[in-house]
Amino acid sequence: MTILERRATASPPGGPLIDSFGRAISYLRVSVTDRCDFRCVYCMSEDMTFLPKKDLLSLEELDRLIGAFAKLGTRRVRLTGGEPLVRRNVMSLFETLGSRIAAGELDEVTLTTNGSQLARFADQLYGSGVRRINVSLDTLKPDRFTRITRWGDINQVLAGIDAALVAGLKVKINTVALKDFNEDEFDDLIRFAHGRGMDLSLIEAMPLGENIGDRTDQYLPLSQVRERLEREWTLEETDYRTGGPARYLRVAESGGRLGLITPMTHNFCSTCNRVRVTCTGTLYMCLGKDDCADLRGPLRASDGDGDVIAAIREAMTRKPKGHDFVIERFTTAPAVSRHMSVTGG
Ligand code: SAM
Ligand code: SF4
């Protein structure tokens with residue numbers, strides 16, 4: 001059976017998910033836990049309160065929910081968090097999703113991780129069908145790493161990255177650009193990533209979550225970073241896109257790819273193909289908006305997928321044309337009160 005034939009048979013009556021602005025939704029991010037073994041200062045407060053475990057969808061329910069999205073045309077799924085690899089038994093979810101890839105229901109399952117547990121899980125991830133992962137790393141300096149994560153050990157993460165590469169996983173490094181913190185390290189991070197065959201993406205800090213301090217302290221526009229990088233490197237435009245807010249450049253000297261993720265300064269909403277689900281089964285149609293839909297109720301209401309599919313379709317009619325982040329609002333008040341660790345990065 002060809003991929004097109006498979007897609008046709010996978011589509012339920014009513015067709016695939018298209019929102020009110022004609023955008024086909026084919027990409028799903030799932031936060032599998034809000035917990036984490038780090039407390040990155042821009043992401044969580046030190047004394048973060050986590051959700052009661054009873055509120056979480058079980059791994060079986062998460063798989064069912066992803067299966068419902070697959071029936072509606074989702075082809076790519078990224079598991080994120082919190083830290084996905086600290087959820088107990090999470091490898092069983094990767095295994096069942098791997099079976100969905102083998103069955104032609106999904107094209108790809110990827111992971112965003114802080115890397116702390118990668119040395120343990122890299123081989124199993126590859127074995128379950130994962131081929132690409134993103135590892136977050138904001139600095140190469142051990143003392144800075146401990147400061148930004150509040151207690152993390154960079155050696156654990158570096159060992160995790162090595163293990164992932166040895167296992168055959170393609171790794172992209174994600175670095176949040178933070179004013180007065182890692183501004184002097186972007187050249188080294190390019191050398192580090194590209195020297196190991198990894199892409200690097202720089203991310204603008206976003207105003208998400210309450211009680212995390214003054215955002216104006218952290219915000220560093222990537223337009224400024226790009227200007228500085230261009231003194232050292234030749235940055236060539238490419239048309240490589242992943243349907244998200246990243247614009248990719250090729251660094252001529254290293255031959256590697258550099259992504260600039262600029263939700264604050266660059267409008268990417270018109271090509272947005274994604275939605276997000278939290279570990280409690282709440283569907284967010286836009287990272288920058290509070291509007292959401294409960295999928296846990298319909299999921300638990302019956303063993304069939306009819307209710308949950310109807311709820312997803314209804315929610316999609318509410319996917320907004322664009323989001324609310326504007327620089328003027330990048331003040332002490334967050335644009336969206338939930339933390340990135342709840343919605344998933
Ligand atoms: N724990 C995993 C990790 O760190 O990769 C996955 C979840 S984390 C929330 C996903 C990504 O979101 C990370 O790359 C992190 O740096 C980024 N992130 C968290 N809070 C952010 C914020 N306020 N602005 C921009 N990026 C943020
Ligand atoms: Fe944890 Fe990732 Fe948030 Fe850091 S960015 S606190 S690693 S969820």
# chains A, B, ... in the order shown; residues from 1 in each chain; ligands from 1

$ residues_near_ligand --ligand "ligand 2" --cutoff "7 Å" --atoms "only C-alpha atoms and all ligand atoms" --output "list in words"
Cys36, Asp37, Phe38, Arg39, Cys40, Cys43, Met44, Gly81, Gly82, Glu83, Thr113, Asn114, Thr149, Met340 and Ser341 of chain A

$ write_last_selection --atoms "all heavy atoms" --output "compact mmCIF listing (two decimals), in the first residue's frame"
# COMPACT_ATOMS: atom_id res chain seq x y z
N CYS A 36 9.90 17.56 36.33
CA CYS A 36 11.22 17.67 35.73
C CYS A 36 12.28 17.50 36.80
O CYS A 36 12.04 17.82 37.97
CB CYS A 36 11.37 19.03 35.05
SG CYS A 36 12.90 19.15 34.10
N ASP A 37 13.45 17.01 36.40
CA ASP A 37 14.56 16.88 37.36
C ASP A 37 15.42 18.15 37.39
O ASP A 37 16.36 18.24 38.17
CB ASP A 37 15.40 15.64 37.05
CG ASP A 37 15.82 15.53 35.59
OD1 ASP A 37 15.29 16.31 34.75
OD2 ASP A 37 16.66 14.68 35.27
N PHE A 38 15.14 19.13 36.53
CA PHE A 38 15.81 20.43 36.58
C PHE A 38 14.76 21.50 36.92
O PHE A 38 13.56 21.23 36.91
CB PHE A 38 16.44 20.79 35.23
CG PHE A 38 17.61 19.92 34.82
CD1 PHE A 38 18.09 19.96 33.51
CD2 PHE A 38 18.25 19.07 35.72
CE1 PHE A 38 19.16 19.18 33.11
CE2 PHE A 38 19.33 18.28 35.33
CZ PHE A 38 19.78 18.33 34.01
N ARG A 39 15.23 22.71 37.18
CA ARG A 39 14.33 23.85 37.42
C ARG A 39 14.88 25.06 36.66
O ARG A 39 15.28 26.04 37.28
CB ARG A 39 14.26 24.21 38.92
CG ARG A 39 13.63 23.19 39.83
CD ARG A 39 12.12 23.11 39.67
NE ARG A 39 11.57 22.15 40.61
CZ ARG A 39 11.60 20.82 40.44
NH1 ARG A 39 12.14 20.31 39.35
NH2 ARG A 39 11.10 20.03 41.35
N CYS A 40 14.96 24.97 35.34
CA CYS A 40 15.54 26.08 34.56
C CYS A 40 14.86 27.39 34.96
O CYS A 40 13.62 27.44 35.04
CB CYS A 40 15.39 25.81 33.08
SG CYS A 40 16.22 24.29 32.60
N CYS A 43 11.93 28.75 33.07
CA CYS A 43 10.85 27.80 32.82
C CYS A 43 10.03 27.52 34.06
O CYS A 43 8.80 27.44 34.00
CB CYS A 43 11.44 26.51 32.26
SG CYS A 43 10.23 25.21 31.93
N MET A 44 10.70 27.35 35.20
CA MET A 44 9.99 26.96 36.43
C MET A 44 10.50 27.77 37.60
O MET A 44 11.66 28.18 37.61
CB MET A 44 10.28 25.49 36.75
CG MET A 44 9.70 24.51 35.80
SD MET A 44 9.88 22.84 36.46
CE MET A 44 9.27 21.88 35.09
N GLY A 81 7.62 17.87 27.64
CA GLY A 81 7.17 17.94 29.03
C GLY A 81 7.29 19.36 29.54
O GLY A 81 7.25 20.29 28.74
N GLY A 82 7.54 19.44 30.80
CA GLY A 82 8.33 18.70 31.74
C GLY A 82 9.45 17.89 31.07
O GLY A 82 9.76 18.13 29.92
N GLU A 83 10.01 16.99 31.82
CA GLU A 83 11.03 16.14 31.23
C GLU A 83 10.43 14.76 30.94
O GLU A 83 10.17 13.99 31.87
CB GLU A 83 12.25 16.04 32.17
CG GLU A 83 13.32 15.07 31.72
CD GLU A 83 13.69 15.23 30.24
OE1 GLU A 83 13.81 16.36 29.74
OE2 GLU A 83 13.84 14.20 29.57
N THR A 113 14.10 16.75 25.05
CA THR A 113 14.56 16.32 26.36
C THR A 113 15.67 17.24 26.87
O THR A 113 16.36 17.88 26.08
CB THR A 113 15.10 14.87 26.29
OG1 THR A 113 15.67 14.50 27.55
CG2 THR A 113 16.15 14.69 25.20
N ASN A 114 15.83 17.27 28.20
CA ASN A 114 16.97 18.01 28.75
C ASN A 114 18.24 17.16 28.75
O ASN A 114 19.30 17.64 29.14
CB ASN A 114 16.65 18.54 30.16
CG ASN A 114 16.46 17.42 31.19
OD1 ASN A 114 16.92 16.31 31.02
ND2 ASN A 114 15.78 17.75 32.28
N THR A 149 19.99 25.77 35.46
CA THR A 149 19.07 24.65 35.74
C THR A 149 18.79 24.53 37.24
O THR A 149 18.05 23.67 37.67
CB THR A 149 19.66 23.30 35.26
OG1 THR A 149 20.92 23.12 35.92
CG2 THR A 149 19.86 23.26 33.77
N MET A 340 5.74 26.77 30.32
CA MET A 340 6.10 25.97 29.15
C MET A 340 6.11 24.48 29.51
O MET A 340 5.81 23.63 28.70
CB MET A 340 7.51 26.39 28.70
CG MET A 340 7.98 25.72 27.46
SD MET A 340 7.16 26.42 26.05
CE MET A 340 8.56 27.18 25.26
N SER A 341 6.46 24.16 30.77
CA SER A 341 6.53 22.75 31.17
C SER A 341 5.16 22.10 31.23
O SER A 341 5.03 20.89 31.28
CB SER A 341 7.22 22.63 32.53
OG SER A 341 6.55 23.45 33.47

$ residues_around --residues "segment 279-283 of chain A" --least-positions-apart "4" --cutoff "9 Å" --atoms "only C-alpha atoms" --output "ChimeraX atom specification"
/A:30-34,51,55-58,61-62,65,81,275,291-297,299,312,315,342-343

$ residues_around --residues "Gly259 of chain A" --least-positions-apart "3" --cutoff "8 Å" --atoms "only C-alpha atoms" --output "PyMOL selection string"
chain A and resi 199-202+246-249

$ write_last_selection --atoms "N, CA and C atoms" --output "PDB file, in the first residue's frame"
ATOM      1  N   ASP A 199      22.438  19.866  14.332  1.00  0.00           N
ATOM      2  CA  ASP A 199      21.930  21.213  14.083  1.00  0.00           C
ATOM      3  C   ASP A 199      21.851  21.951  15.417  1.00  0.00           C
ATOM      4  N   LEU A 200      21.810  23.284  15.330  1.00  0.00           N
ATOM      5  CA  LEU A 200      21.646  24.094  16.546  1.00  0.00           C
ATOM      6  C   LEU A 200      20.509  25.076  16.306  1.00  0.00           C
ATOM      7  N   SER A 201      19.586  25.178  17.258  1.00  0.00           N
ATOM      8  CA  SER A 201      18.565  26.231  17.166  1.00  0.00           C
ATOM      9  C   SER A 201      18.685  27.162  18.353  1.00  0.00           C
ATOM     10  N   LEU A 202      18.622  28.448  18.076  1.00  0.00           N
ATOM     11  CA  LEU A 202      18.567  29.442  19.145  1.00  0.00           C
ATOM     12  C   LEU A 202      17.108  29.862  19.286  1.00  0.00           C
ATOM     13  N   ALA A 246      10.631  28.091  13.323  1.00  0.00           N
ATOM     14  CA  ALA A 246      12.079  28.197  13.088  1.00  0.00           C
ATOM     15  C   ALA A 246      12.376  28.605  11.652  1.00  0.00           C
ATOM     16  N   ARG A 247      13.319  29.512  11.521  1.00  0.00           N
ATOM     17  CA  ARG A 247      13.867  29.847  10.200  1.00  0.00           C
ATOM     18  C   ARG A 247      15.290  29.278  10.221  1.00  0.00           C
ATOM     19  N   TYR A 248      15.657  28.535   9.155  1.00  0.00           N
ATOM     20  CA  TYR A 248      16.969  27.882   9.179  1.00  0.00           C
ATOM     21  C   TYR A 248      17.965  28.556   8.252  1.00  0.00           C
ATOM     22  N   LEU A 249      19.172  28.723   8.771  1.00  0.00           N
ATOM     23  CA  LEU A 249      20.271  29.277   7.995  1.00  0.00           C
ATOM     24  C   LEU A 249      21.335  28.196   7.870  1.00  0.00           C
TER      25      LEU A 249
END

$ residues_around --residues "Ala167 of chain A" --least-positions-apart "6" --cutoff "10 Å" --atoms "only C-alpha atoms" --output "ChimeraX atom specification"
/A:119,121-127,131,161

$ residues_around --residues "Tyr27 of chain A" --least-positions-apart "4" --cutoff "7 Å" --atoms "only C-alpha atoms" --output "tab-separated table (two decimals) with N, CA, C and O atoms, in the first residue's frame"
chain	number	residue	atom	x	y	z
A	74	THR	N	-2.97	13.46	11.82
A	74	THR	CA	-1.67	13.79	12.42
A	74	THR	C	-0.64	12.77	11.95
A	74	THR	O	-0.88	11.56	12.03
A	75	ARG	N	0.49	13.26	11.45
A	75	ARG	CA	1.54	12.35	10.96
A	75	ARG	C	2.78	12.36	11.83
A	75	ARG	O	3.55	11.42	11.85
A	76	ARG	N	2.99	13.51	12.52
A	76	ARG	CA	4.21	13.62	13.34
A	76	ARG	C	3.84	13.99	14.77
A	76	ARG	O	2.99	14.84	15.00
A	77	VAL	N	4.50	13.31	15.70
A	77	VAL	CA	4.23	13.53	17.12
A	77	VAL	C	5.54	13.80	17.82
A	77	VAL	O	6.54	13.10	17.60
A	273	ASN	N	0.96	24.36	11.66
A	273	ASN	CA	0.30	23.07	11.40
A	273	ASN	C	0.15	22.25	12.67
A	273	ASN	O	-0.04	21.04	12.63
A	274	ARG	N	0.28	22.91	13.86
A	274	ARG	CA	0.41	22.12	15.08
A	274	ARG	C	-0.58	22.50	16.18
A	274	ARG	O	-1.06	23.62	16.24
A	275	VAL	N	-0.82	21.54	17.04
A	275	VAL	CA	-1.54	21.79	18.29
A	275	VAL	C	-0.81	21.04	19.40
A	275	VAL	O	0.06	20.22	19.15
